[in-house]
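Pasting final.cif here (mmCIF, C-alpha atoms):
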```
data_upload
loop_
_atom_site.label_atom_id
_atom_site.label_comp_id
_atom_site.auth_asym_id
_atom_site.auth_seq_id
_atom_site.Cartn_x
_atom_site.Cartn_y
_atom_site.Cartn_z
CA SER A 1 135.08 75.99 130.74
CA LEU A 2 136.62 72.79 132.10
CA GLY A 3 133.65 72.37 134.43
CA THR A 4 131.28 71.91 131.49
CA PRO A 5 130.35 68.19 131.26
CA LEU A 6 131.85 66.29 128.32
CA HIS A 7 129.71 63.73 126.47
CA ILE A 8 131.75 60.75 125.29
CA GLY A 9 129.60 58.04 123.74
CA ASN A 10 126.91 57.24 126.28
CA ALA A 11 128.98 58.56 129.20
CA THR A 12 129.19 62.04 130.68
CA LYS A 13 132.49 63.14 132.22
CA THR A 14 133.30 66.27 134.22
CA LEU A 15 136.86 67.55 134.56
CA THR A 16 138.40 69.59 137.34
CA ALA A 17 141.59 71.63 137.26
CA ASN A 18 143.97 73.29 139.69
CA ASN A 19 145.84 76.40 138.60
CA GLY A 20 149.12 77.86 139.77
CA ILE A 21 149.74 81.46 138.75
CA ALA A 22 153.00 83.42 138.54
CA ILE A 23 153.03 87.05 137.39
CA PRO A 24 155.82 88.27 135.05
CA ALA A 25 158.11 90.93 136.59
CA THR A 26 156.58 90.43 140.07
CA ASP A 27 157.46 86.71 140.32
CA GLY A 28 160.34 86.59 137.83
CA THR A 29 161.61 88.04 134.59
CA GLU A 30 162.90 84.88 132.91
CA ALA A 31 160.84 81.96 131.64
CA ASP A 32 162.39 79.25 133.83
CA PRO A 33 161.93 81.04 137.20
CA LEU A 34 158.37 82.01 136.22
CA LEU A 35 157.51 78.44 135.30
CA HIS A 36 159.11 77.10 138.50
CA ASN A 37 157.13 79.56 140.63
CA ALA A 38 153.90 78.74 138.81
CA VAL A 39 154.47 75.02 139.53
CA THR A 40 155.14 75.87 143.18
CA ALA A 41 151.81 77.74 143.30
CA LEU A 42 150.13 74.76 141.62
CA GLN A 43 151.39 72.40 144.33
CA THR A 44 149.85 74.67 146.96
CA ALA A 45 146.57 74.76 145.03
CA LYS A 46 146.47 70.95 144.85
CA SER A 47 146.90 70.69 148.61
CA ARG A 48 143.71 72.72 149.06
CA GLY A 49 141.41 70.45 147.06
CA HIS A 50 139.92 70.29 143.58
CA SER A 51 139.20 73.19 141.21
CA THR A 52 141.27 75.77 143.06
CA TYR A 53 143.78 78.40 141.98
CA GLN A 54 146.69 79.94 143.83
CA TYR A 55 148.96 82.92 143.14
CA TYR A 56 152.65 82.43 143.87
CA SER A 57 154.23 83.98 146.96
CA GLY A 58 157.80 83.78 148.24
CA SER A 59 156.71 82.04 151.45
CA MET A 60 155.65 79.01 149.42
CA ASN A 61 159.25 78.03 148.76
CA VAL A 62 159.92 77.90 152.50
CA SER A 63 156.78 75.83 153.11
CA ILE A 64 157.51 73.40 150.29
CA ALA A 65 161.15 73.03 151.36
CA ALA A 66 159.98 72.14 154.88
CA ARG A 67 157.48 69.64 153.42
CA VAL A 68 160.18 67.98 151.29
CA THR A 69 162.53 67.78 154.29
CA LEU A 70 159.78 66.22 156.41
CA GLU A 71 159.08 63.62 153.75
CA GLN A 72 162.77 62.72 153.44
CA ASP A 73 163.14 62.49 157.22
CA LEU A 74 160.02 60.32 157.41
CA ARG A 75 161.43 57.84 154.92
CA ALA A 76 164.68 57.73 156.89
CA ALA A 77 162.74 57.27 160.13
CA LEU A 78 161.02 54.15 158.79
CA THR A 79 164.42 52.67 157.97
CA ALA A 80 166.01 53.74 161.26
CA ASN A 81 162.99 52.68 163.38
CA GLN A 82 162.57 56.06 165.06
CA PHE A 83 158.95 55.43 166.07
CA VAL A 84 157.49 54.36 169.40
CA LEU A 85 154.00 53.57 170.61
CA TYR A 86 152.38 55.40 173.50
CA TYR A 87 149.25 53.98 175.10
CA GLN A 88 146.19 55.75 176.50
CA PRO A 89 143.95 53.75 178.85
CA GLN A 90 140.27 53.21 178.15
CA VAL A 91 138.39 53.17 181.43
CA ASP A 92 135.08 51.68 182.57
CA ILE A 93 132.94 54.66 183.46
CA LEU A 94 131.45 53.13 186.62
CA SER A 95 134.21 51.01 188.14
CA GLU A 96 137.18 53.15 186.96
CA THR A 97 139.00 49.98 185.94
CA VAL A 98 141.12 49.87 182.79
CA ILE A 99 139.38 47.77 180.14
CA GLY A 100 141.72 48.48 177.23
CA VAL A 101 144.27 50.88 175.75
CA GLU A 102 144.66 52.77 172.49
CA ALA A 103 148.03 52.59 170.73
CA LEU A 104 149.19 56.00 169.49
CA ILE A 105 152.31 56.43 167.37
CA ARG A 106 155.02 58.96 168.19
CA TRP A 107 158.04 59.93 166.08
CA LEU A 108 161.25 60.49 168.04
CA HIS A 109 163.07 62.72 165.56
CA PRO A 110 166.87 62.81 166.17
CA THR A 111 167.03 66.64 166.11
CA ARG A 112 163.45 67.88 166.49
CA GLY A 113 162.43 65.62 169.35
CA VAL A 114 158.86 64.30 169.41
CA VAL A 115 157.02 65.13 166.18
CA SER A 116 153.22 65.28 166.40
CA PRO A 117 151.27 62.67 164.40
CA ALA A 118 149.11 65.56 163.17
CA GLU A 119 152.19 66.78 161.30
CA PHE A 120 153.59 63.58 159.82
CA ILE A 121 150.55 61.32 159.30
CA PRO A 122 149.13 63.48 156.46
CA VAL A 123 152.53 63.36 154.73
CA ALA A 124 152.69 59.59 155.20
CA GLU A 125 149.25 59.28 153.60
CA GLU A 126 150.09 61.56 150.66
CA GLU A 127 153.33 59.72 149.92
CA GLY A 128 151.92 56.22 150.33
CA LEU A 129 154.04 55.54 153.42
CA ILE A 130 151.03 55.07 155.70
CA VAL A 131 150.70 51.35 154.91
CA GLN A 132 154.29 50.65 155.94
CA LEU A 133 153.77 52.78 159.05
CA SER A 134 150.52 51.01 159.89
CA GLU A 135 152.15 47.60 159.55
CA TRP A 136 154.87 48.72 161.96
CA VAL A 137 152.21 49.79 164.50
CA ILE A 138 150.47 46.42 164.29
CA LYS A 139 153.79 44.60 164.66
CA ASP A 140 154.91 46.66 167.67
CA ALA A 141 151.52 46.46 169.38
CA SER A 142 151.50 42.66 168.93
CA GLN A 143 154.95 42.39 170.47
CA GLN A 144 153.86 44.61 173.36
CA GLN A 145 150.75 42.49 173.83
CA LYS A 146 152.95 39.42 174.15
CA ALA A 147 155.30 41.20 176.60
CA TRP A 148 152.40 42.22 178.86
CA ARG A 149 151.01 38.69 178.74
CA ASN A 150 154.41 37.26 179.70
CA SER A 151 154.63 39.71 182.62
CA GLY A 152 151.50 38.14 184.11
CA LEU A 153 148.91 40.76 183.19
CA PRO A 154 145.44 39.52 182.22
CA PRO A 155 144.54 40.02 178.55
CA PHE A 156 142.93 43.32 177.52
CA PRO A 157 142.19 44.92 174.14
CA ILE A 158 144.63 47.20 172.33
CA SER A 159 143.02 49.60 169.84
CA ILE A 160 144.89 50.46 166.64
CA ASN A 161 143.97 53.12 164.08
CA LEU A 162 143.76 51.80 160.52
CA SER A 163 144.05 54.27 157.63
CA GLY A 164 141.76 54.21 154.62
CA LEU A 165 144.66 53.48 152.28
CA HIS A 166 145.68 50.46 154.34
CA PHE A 167 142.09 49.24 154.65
CA ARG A 168 141.77 49.18 150.84
CA GLN A 169 144.88 47.03 150.33
CA ARG A 170 144.42 43.65 148.69
CA ASN A 171 144.82 40.68 151.04
CA LEU A 172 144.41 43.04 154.01
CA VAL A 173 143.00 40.38 156.32
CA HIS A 174 145.72 37.83 155.58
CA GLN A 175 148.40 40.51 155.82
CA ILE A 176 147.31 41.83 159.21
CA SER A 177 146.64 38.37 160.64
CA SER A 178 150.10 37.20 159.61
CA ILE A 179 151.81 40.18 161.27
CA VAL A 180 149.86 39.64 164.49
CA HIS A 181 150.53 35.91 164.75
CA GLU A 182 154.21 36.20 163.74
CA ASN A 183 154.79 38.68 166.57
CA GLY A 184 152.96 36.82 169.33
CA GLY A 185 149.75 38.86 169.28
CA ASP A 186 146.17 37.71 169.72
CA PRO A 187 143.55 39.11 167.27
CA ARG A 188 140.82 38.63 169.89
CA TYR A 189 142.41 41.44 171.91
CA LEU A 190 143.19 43.78 169.03
CA GLU A 191 140.58 46.34 168.00
CA LEU A 192 140.94 48.03 164.59
CA GLU A 193 139.59 51.59 164.46
CA LEU A 194 138.28 53.06 161.19
CA THR A 195 136.65 56.43 160.56
CA GLU A 196 133.17 56.90 159.12
CA GLY A 197 134.65 58.25 155.90
CA VAL A 198 136.67 55.08 155.34
CA LEU A 199 133.73 52.81 156.09
CA MET A 200 131.29 54.66 153.83
CA THR A 201 133.62 54.61 150.81
CA ASP A 202 132.31 51.72 148.72
CA ALA A 203 130.22 50.54 151.67
CA SER A 204 129.15 47.25 150.08
CA THR A 205 132.78 46.13 149.68
CA THR A 206 133.52 47.44 153.17
CA VAL A 207 130.95 45.06 154.68
CA ALA A 208 132.70 42.05 153.15
CA THR A 209 136.14 43.12 154.42
CA LEU A 210 134.81 43.84 157.91
CA LYS A 211 133.19 40.42 158.08
CA GLN A 212 136.48 38.78 157.10
CA LEU A 213 138.29 40.70 159.85
CA LYS A 214 135.66 39.63 162.39
CA GLU A 215 135.99 36.01 161.27
CA SER A 216 139.74 36.31 161.87
CA GLY A 217 139.05 37.32 165.47
CA PHE A 218 139.59 41.10 165.39
CA ARG A 219 137.36 43.61 167.15
CA LEU A 220 136.17 46.60 165.09
CA ALA A 221 135.45 50.21 166.04
CA ILE A 222 134.20 53.37 164.33
CA ASP A 223 136.55 56.17 165.37
CA ASP A 224 135.58 59.86 165.72
CA PHE A 225 131.92 58.96 165.31
CA GLY A 226 129.64 61.90 164.51
CA THR A 227 132.19 63.90 162.50
CA GLY A 228 131.58 62.16 159.17
CA TYR A 229 128.67 60.84 157.18
CA SER A 230 127.17 57.47 158.05
CA SER A 231 124.30 55.67 156.40
CA LEU A 232 122.28 54.27 159.28
CA ALA A 233 121.19 51.42 157.01
CA TYR A 234 124.82 50.40 156.53
CA LEU A 235 125.67 51.04 160.18
CA GLN A 236 123.37 48.17 161.10
CA ARG A 237 125.09 45.92 158.55
CA PHE A 238 128.65 46.66 159.67
CA PRO A 239 129.86 44.02 162.19
CA ILE A 240 131.10 46.77 164.51
CA ASP A 241 131.81 46.30 168.24
CA THR A 242 132.54 49.87 169.34
CA LEU A 243 131.50 53.48 168.69
CA LYS A 244 134.01 56.14 169.72
CA ILE A 245 132.51 59.58 170.33
CA ASP A 246 134.75 62.31 168.93
CA ARG A 247 136.24 64.71 171.48
CA ALA A 248 134.61 67.63 169.66
CA PHE A 249 131.26 66.63 171.19
CA VAL A 250 132.70 66.27 174.70
CA LYS A 251 135.07 69.19 175.16
CA ASP A 252 132.50 71.93 175.92
CA ILE A 253 130.23 69.99 178.29
CA LYS A 254 129.55 71.71 181.62
CA LEU A 255 126.93 70.32 183.99
CA GLY A 256 123.92 72.58 184.26
CA LYS A 257 125.32 74.99 181.66
CA ILE A 258 126.37 73.35 178.39
CA ASP A 259 124.66 70.16 177.21
CA SER A 260 125.59 67.95 174.26
CA PRO A 261 122.50 66.59 172.48
CA ILE A 262 124.67 64.89 169.85
CA THR A 263 126.59 63.00 172.54
CA ARG A 264 123.32 61.91 174.14
CA ALA A 265 122.02 60.77 170.76
CA ILE A 266 125.17 58.79 169.91
CA ILE A 267 125.16 57.06 173.31
CA GLY A 268 121.46 56.20 172.92
CA MET A 269 121.97 54.87 169.41
CA GLY A 270 125.01 52.85 170.44
CA ARG A 271 123.14 51.26 173.33
CA ALA A 272 120.17 50.48 171.07
CA LEU A 273 122.51 48.76 168.60
CA LYS A 274 124.21 46.92 171.50
CA LEU A 275 127.57 48.54 170.77
CA HIS A 276 130.27 49.46 173.25
CA VAL A 277 130.47 53.27 173.45
CA VAL A 278 133.74 55.06 174.28
CA ALA A 279 133.96 58.85 174.74
CA GLU A 280 137.27 60.41 173.73
CA GLY A 281 138.99 63.50 175.11
CA VAL A 282 137.48 63.46 178.61
CA GLU A 283 139.35 66.05 180.66
CA THR A 284 136.98 67.28 183.39
CA ARG A 285 134.78 65.84 186.14
CA ASP A 286 131.76 67.57 184.58
CA GLN A 287 132.30 65.73 181.31
CA LEU A 288 132.67 62.43 183.13
CA ALA A 289 129.53 63.00 185.24
CA PHE A 290 127.50 63.87 182.13
CA LEU A 291 128.67 60.71 180.34
CA ARG A 292 127.83 58.59 183.37
CA MET A 293 124.31 60.02 183.52
CA GLN A 294 123.77 59.26 179.84
CA GLY A 295 124.89 55.63 180.20
CA CYS A 296 128.17 55.83 178.27
CA ALA A 297 130.15 52.62 178.87
CA SER A 298 133.71 53.94 179.01
CA TYR A 299 136.01 56.85 178.31
CA GLN A 300 139.59 57.89 177.64
CA GLY A 301 141.30 61.20 178.15
CA PHE A 302 143.66 63.29 180.25
CA LEU A 303 141.31 63.10 183.26
CA PHE A 304 142.50 59.54 183.82
CA SER A 305 145.81 59.49 181.91
CA LYS A 306 147.52 61.05 178.94
CA PRO A 307 149.15 58.67 176.42
CA VAL A 308 152.33 57.27 177.98
CA PRO A 309 155.08 54.81 176.96
CA PRO A 310 154.74 51.18 178.08
CA ASN A 311 157.14 51.46 181.04
CA GLN A 312 155.04 54.29 182.54
CA LEU A 313 151.79 52.51 181.79
CA LEU A 314 152.71 49.23 183.49
CA PRO A 315 152.21 50.39 187.13
CA LEU A 316 148.85 51.90 186.18
CA LEU A 317 147.78 48.64 184.55
CA ARG A 318 148.77 46.63 187.60
CA ASN A 319 146.71 48.92 189.84
CA HIS A 320 143.62 49.32 187.65
CA LEU A 321 143.18 46.16 185.59
CA PRO A 322 140.41 43.87 186.88
CA GLN A 323 140.90 40.11 187.05
CA SER A 324 139.19 39.90 183.67
CA THR A 325 138.43 42.64 181.21
CA PRO A 326 135.37 41.91 179.08
CA LYS A 327 133.96 44.80 177.10
CA SER A 328 130.22 44.99 177.47
CA ALA A 329 127.75 47.22 175.69
#
```

Representation of the structure as structure tokens:
Amino acid sequence: SLGTPLHIGNATKTLTANNGIAIPATDGTEADPLLHNAVTALQTAKSRGHSTYQYYSGSMNVSIAARVTLEQDLRAALTANQFVLYYQPQVDILSETVIGVEALIRWLHPTRGVVSPAEFIPVAEEEGLIVQLSEWVIKDASQQQKAWRNSGLPPFPISINLSGLHFRQRNLVHQISSIVHENGGDPRYLELELTEGVLMTDASTTVATLKQLKESGFRLAIDDFGTGYSSLAYLQRFPIDTLKIDRAFVKDIKLGKIDSPITRAIIGMGRALKLHVVAEGVETRDQLAFLRMQGCASYQGFLFSKPVPPNQLLPLLRNHLPQSTPKSA
């Protein structure tokens, strides 16, 4: 019934609803417990998308309690500065020299140890904490950039993931630029990574923001390319420097046995558009050989190095950085 379009003046509106269901006797005999359990079921339904329903089960209380605890710990972590950045090298596919690194956040929880970003990033996004977290990443990466420069290393790009919520903030360009400059960073060697989904949301406005970022000196990349929806017409209009091939298209490659037509297509398209192409999640020699044959410019993955803290990365940088590190398509 709610799905039936409503006509209001000259406009047509469609409603969606999520439903949480608690059964009398089975899920409680009093009104208050029944209502509480129905709300708990509703929260689970909301987490699964629009127009869904969910029956209550006892396990939901455990799950929701864990979610609430994680959120509270995350807020405390931002105050207590419990985060660190690990860095994964990006490597030229022919020379095996390091041409950049990707900054990846890690949460050093006081009792749980290292908490995976896959666990806490969704919570940060749901609770609106992702902007504060993203600003911390930019600040820390800028400070690290300055430290590496002061240690005598040649400049090289640091890639930073930018969430959709942060990208849509007002005064984004001024905000990011201020953080970078105040912490000794250089926008020319910072690459901001955005997913296809973020870029294609209100694409016309996206073009304007991307151009402002480029004018401020930042490099721009499309992360996890191939997993979302891109308008090729807009792709040509975006002032993008880099395409990053999602690991899903690389992980099953085996020379002579398992090909990856999508990877070949992305590499070909990237080269045609004169973009730098980076393959993610490279773990085997077969994958690397395939990417070399297809003309992919660079890669990152466990085959060369897992993400490591700055002190572990420094010797690798000293051994594998060239005298200069231009990124070429």

| request: List every protein, DNA or RNA residue with an atom no more than 10 Å from (148.6, 41.6, 161.6) in the file's coordinates, counting all atoms listed in the file, and format the result as a list of chain:residue names. | output: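 Nearby residues: A:Ser134, A:Glu135, A:Trp136, A:Val137, A:Ile138, A:Lys139, A:Ala141, A:Ser142, A:Leu172, A:Val173, A:His174, A:Gln175, A:Ile176, A:Ser177, A:Ser178, A:Ile179, A:Val180, A:His181, A:Glu182, A:Asn183, A:Gly185, A:Asp186, A:Pro187, A:Leu190, A:Phe218.
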
The selected residues should be written to file as a PDB file, in the coordinates of the input (atoms: C-alpha atoms).
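Result saved to out-v1.pdb:
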```pdb
ATOM      1  CA  SER A 134     150.520  51.010 159.890  1.00  0.00           C
ATOM      2  CA  GLU A 135     152.150  47.600 159.550  1.00  0.00           C
ATOM      3  CA  TRP A 136     154.870  48.720 161.960  1.00  0.00           C
ATOM      4  CA  VAL A 137     152.210  49.790 164.500  1.00  0.00           C
ATOM      5  CA  ILE A 138     150.470  46.420 164.290  1.00  0.00           C
ATOM      6  CA  LYS A 139     153.790  44.600 164.660  1.00  0.00           C
ATOM      7  CA  ALA A 141     151.520  46.460 169.380  1.00  0.00           C
ATOM      8  CA  SER A 142     151.500  42.660 168.930  1.00  0.00           C
ATOM      9  CA  LEU A 172     144.410  43.040 154.010  1.00  0.00           C
ATOM     10  CA  VAL A 173     143.000  40.380 156.320  1.00  0.00           C
ATOM     11  CA  HIS A 174     145.720  37.830 155.580  1.00  0.00           C
ATOM     12  CA  GLN A 175     148.400  40.510 155.820  1.00  0.00           C
ATOM     13  CA  ILE A 176     147.310  41.830 159.210  1.00  0.00           C
ATOM     14  CA  SER A 177     146.640  38.370 160.640  1.00  0.00           C
ATOM     15  CA  SER A 178     150.100  37.200 159.610  1.00  0.00           C
ATOM     16  CA  ILE A 179     151.810  40.180 161.270  1.00  0.00           C
ATOM     17  CA  VAL A 180     149.860  39.640 164.490  1.00  0.00           C
ATOM     18  CA  HIS A 181     150.530  35.910 164.750  1.00  0.00           C
ATOM     19  CA  GLU A 182     154.210  36.200 163.740  1.00  0.00           C
ATOM     20  CA  ASN A 183     154.790  38.680 166.570  1.00  0.00           C
ATOM     21  CA  GLY A 185     149.750  38.860 169.280  1.00  0.00           C
ATOM     22  CA  ASP A 186     146.170  37.710 169.720  1.00  0.00           C
ATOM     23  CA  PRO A 187     143.550  39.110 167.270  1.00  0.00           C
ATOM     24  CA  LEU A 190     143.190  43.780 169.030  1.00  0.00           C
ATOM     25  CA  PHE A 218     139.590  41.100 165.390  1.00  0.00           C
TER      26      PHE A 218
END
```

| field | Reference answer for the PyMOL selection byres ((chain A and resi 168) around 10), as a list of chain:residue names | value | A:Ser163, A:Gly164, A:Leu165, A:His166, A:Phe167, A:Gln169, A:Arg170, A:Asn171, A:Leu172, A:Val198, A:Thr201, A:Thr205, A:Thr206, A:Thr209

| field | the PyMOL selection byres ((chain A and resi 39) around 9) applied to the shown file, residues as a list in words | value |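 After applying the PyMOL selection byres ((chain A and resi 39) around 9), what remains is Asn19, Gly20, Ile21, Ala22, Leu34, Leu35, His36, Asn37, Ala38, Thr40, Ala41, Leu42, Gln43, Thr44 and Tyr56 of chain A.
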
| Selected residue of minimal separation from Glu280 in chain A among A:Glu127, A:Asp241, A:Asp32, A:Asp246, counting all atoms listed in the file |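 Checking each candidate against Glu280 in chain A, we get A:Asp246 as the closest.
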
| Smallest atom-to-atom distance to Tyr299 in chain A: which of A:Met269, A:Val277, A:Ala25, A:Leu192, using all atoms listed in the file? |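 Once distances to Tyr299 in chain A are computed over all atoms listed in the file, the minimum belongs to A:Val277.
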
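Among A:Arg285, A:Lys146, A:Lys254, A:Arg75, the residue with the shortest atom-to-atom distance to Ala124 in chain A, counting all atoms listed in the file, is A:Arg75.
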
| request: Would you list the residues near (163.3, 60.3, 170.5), meaning any protein, DNA or RNA residue with an atom at most 12 Å from that point in file coordinates, counting only C-alpha atoms, as a PyMOL selection string? | output: chain A and resi 77+80-85+106-116+309

| query | Between CA of Tyr53 in chain A and CA of Asn18 in chain A, what is the distance, to one decimal in Å? | reply |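 Spanning CA of Tyr53 in chain A to CA of Asn18 in chain A is a straight-line distance of 5.6 Å.
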
| said: I'd like the interatomic distance between CA of Ser216 in chain A and CA of Ile160 in chain A, to a tenth of an Å. | reply: 15.8 Å

| Using all atoms listed in the file, which of A:Leu317, A:Leu70, A:Leu288, A:Ala17 sits nearest Ile121 in chain A? |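 Nearest candidate to Ile121 in chain A out of A:Leu317, A:Leu70, A:Leu288, A:Ala17: A:Leu70.
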